[in-house]
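S.K.: Quick one: the structure is below, and I'll ask about it shortly.
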Amino acid sequence: MTLQERIQAIIRSVAQKPAPADPEESLFESGILDSFALPDMVSAIEKEFGIQVPDADLNPRKFDSVARIASYIENRAS
Amino acid sequence: MAFLRAFGRFVPERAVGNAELAARLGCEEQWIRDVSGILERRYASESVVEMAARAAADCLSQAGVEASSIGCVIVSSGSAERRFPGPAAETAARLGISGAPAIDLPVASAGSLFGMALAADLAARYRRVLVIASEKMSAVIEGAPLDRNTAILFGDGAGACLIDSAEGWARIENFKLHSDGAFADHLRLDFNQALRMDGRTVILQAARKIPAVIRQVLEAAGLAPSDLSAFLMHQANQNLIVKIAQTLDVPAEKFYSNIARYGNTSSASMLIAAAEWRAENPQPGPVVFATFGAGFHWGALLALGS
């Protein structure tokens, strides 16, 4: 699976809704993720990609779309 | 060494139900319930000082001690009516406490726990430290154009806790306090402005930090979350309370909750909850208190039945 496909799988699992086809679509504005599902998604990202998201990075804007999540993960890995 | 001696509370008479707010805000009652777990909140005609004094008097009555024996007073409020002086000195005066230091903690939400932690250390010097948290959030909400994302949450009330260096029903084992000003703008109340809250950031941060700080105090004492008889948290949002229970892998029923009846009374909420919980639990086991709020400030305090 590609990075975006892995992220979309996490979103489907956490939100129990289809992940957006458009990687730029806002997960919040589209109603896919609510405030209380966001912490679960961040935890799932940490587990799936073996990273630790520091508290300083716990900003919803970093996780607002598939593209932003992918960018964050790539930056953490580099 | 410091002990929890007693709690007290005051809640105003006027209950504001979801139907009343929904009509004013143009939203559904069910939406308010779903996003917060709140059914009603109280709006006060009393001032912050009046509510603080009423909660403190209840606490002193529960403890069976005279106000004259209090060595220090700490009053937390993020909604005090004046820029200065804060409500602490006037509250102490209303209780008949004169000469003892009365310290203001202008810390919304987390102020009661910060006050308890400071009192635990100050008790060695002053013996009896009376911690009070009093909030008139309705004045904040009504003082600006109504924002439905915040207006549905907040209510008024006051809570109190007496901490004694010599006796009490539970010994304060340890506490951890934290602050991170990098997020100060995400939850704030500027002068003559509406309350600003970035709810997503607050929930994301709180959902991570509260379980972590609870684990900190428990690990320092060699305890696990399952060892606790109760969790007494800032009553911010029922959905957040449930999420923290899930994160700690303990039943949500162990988290005392009265948010359905009072809403979020900011720093007062944890002590109001503690007073009601204590009345229902005369011989509790280990209990942890935890808060998170504007600043961000957050912390936890562990008390063991004595």
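Every chain in the structure tokens takes a letter, A first, then B, and so on in the order presented; its residues are numbered from 1, and the ligands are numbered from 1 following the presented order.
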Counting only C-alpha atoms, what are the residues of chain B within 6 Å of chain A, and for each of them which pair of atoms is the nearest and at what distance in Å, to one decimal? Sort the table by chain and rising number, as a tab-separated table.

M.R.:
```
residue	atom	partner	partner_atom	distance
B:Arg200	CA	A:Ser35	CA	5.1
B:Thr201	CA	A:Asn59	CA	5.8
B:Leu204	CA	A:Pro39	CA	5.4
```

S.K.: Among the residues of segment 64-223 of chain B, find those DSSP assigns to helix (DSSP H, G or I) from the backbone and print them as an MDAnalysis selection string.

M.R.: chainID B and resid 67:69 87:95 111:126 137:142 148:151 181:186 199:220

S.K.: Could you tell me which of A:Gln4, A:Glu25, A:Ile10, A:Ser30 comes closest to Lys47 of chain A if we count only C-alpha atoms?

M.R.: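 Going through A:Gln4, A:Glu25, A:Ile10, A:Ser30 one by one, the smallest distance to Lys47 of chain A is for A:Ile10.
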
S.K.: Can you pull out the residues contacting Pro23 of chain A? Cut-off 12 Å, using only C-alpha atoms, and skip same-chain residues under 5 positions away; I want them as a compact mmCIF listing (two decimals) with N, CA and C atoms, in the first residue's frame.

M.R.:
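Result saved to selection34.txt:
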```txt
# COMPACT_ATOMS: atom_id res chain seq x y z
N LEU A 3 1.66 5.27 1.00
CA LEU A 3 1.51 6.01 2.25
C LEU A 3 0.08 6.54 2.39
N GLN A 4 -0.43 7.11 1.29
CA GLN A 4 -1.79 7.67 1.35
C GLN A 4 -2.83 6.58 1.58
N GLU A 5 -2.63 5.43 0.99
CA GLU A 5 -3.58 4.32 1.21
C GLU A 5 -3.56 3.85 2.66
N ILE A 7 -2.85 5.73 5.23
CA ILE A 7 -3.52 6.77 6.01
C ILE A 7 -5.04 6.67 5.83
N GLN A 8 -5.46 6.43 4.59
CA GLN A 8 -6.91 6.29 4.35
C GLN A 8 -7.49 5.09 5.11
N ILE A 11 -8.04 6.20 8.66
CA ILE A 11 -9.22 7.07 8.75
C ILE A 11 -10.50 6.24 8.71
N PHE A 63 -3.23 17.48 10.93
CA PHE A 63 -3.90 16.20 10.66
C PHE A 63 -5.25 16.41 9.96
N ASP A 64 -5.38 17.54 9.27
CA ASP A 64 -6.67 17.93 8.72
C ASP A 64 -7.00 17.28 7.38
N SER A 65 -6.04 16.64 6.74
CA SER A 65 -6.30 15.99 5.45
C SER A 65 -5.30 14.86 5.27
N VAL A 66 -5.60 13.98 4.33
CA VAL A 66 -4.69 12.87 4.03
C VAL A 66 -3.33 13.44 3.60
N ALA A 67 -3.36 14.49 2.81
CA ALA A 67 -2.10 15.07 2.31
C ALA A 67 -1.27 15.66 3.45
N ARG A 68 -1.94 16.34 4.39
CA ARG A 68 -1.20 16.92 5.51
C ARG A 68 -0.63 15.85 6.44
N ILE A 69 -1.39 14.81 6.63
CA ILE A 69 -0.90 13.71 7.47
C ILE A 69 0.31 13.05 6.79
N ALA A 70 0.20 12.84 5.49
CA ALA A 70 1.32 12.23 4.75
C ALA A 70 2.56 13.10 4.84
N SER A 71 2.36 14.41 4.71
CA SER A 71 3.49 15.34 4.80
C SER A 71 4.13 15.28 6.18
```

S.K.: Considering only C-alpha atoms, return as a list of chain:residue names whatever protein or nucleic-acid residues lie within 8 Å of segment 31-42 of chain B, sequence-local ones (same chain, fewer than 3 positions apart) excluded.

M.R.: B:Val11, B:Pro12, B:Glu13, B:Arg14, B:Ala15, B:Val16, B:Gly17, B:Asn18, B:Ala22, B:Cys27, B:Glu28, B:Ile152, B:Leu153, B:Phe154, B:Gly155, B:Asp156, B:Gly157, B:Asn237, B:Gln238, B:Asn239, B:Ile259, B:Ala260, B:Arg261, B:Tyr262, B:Gly263, B:Asn264
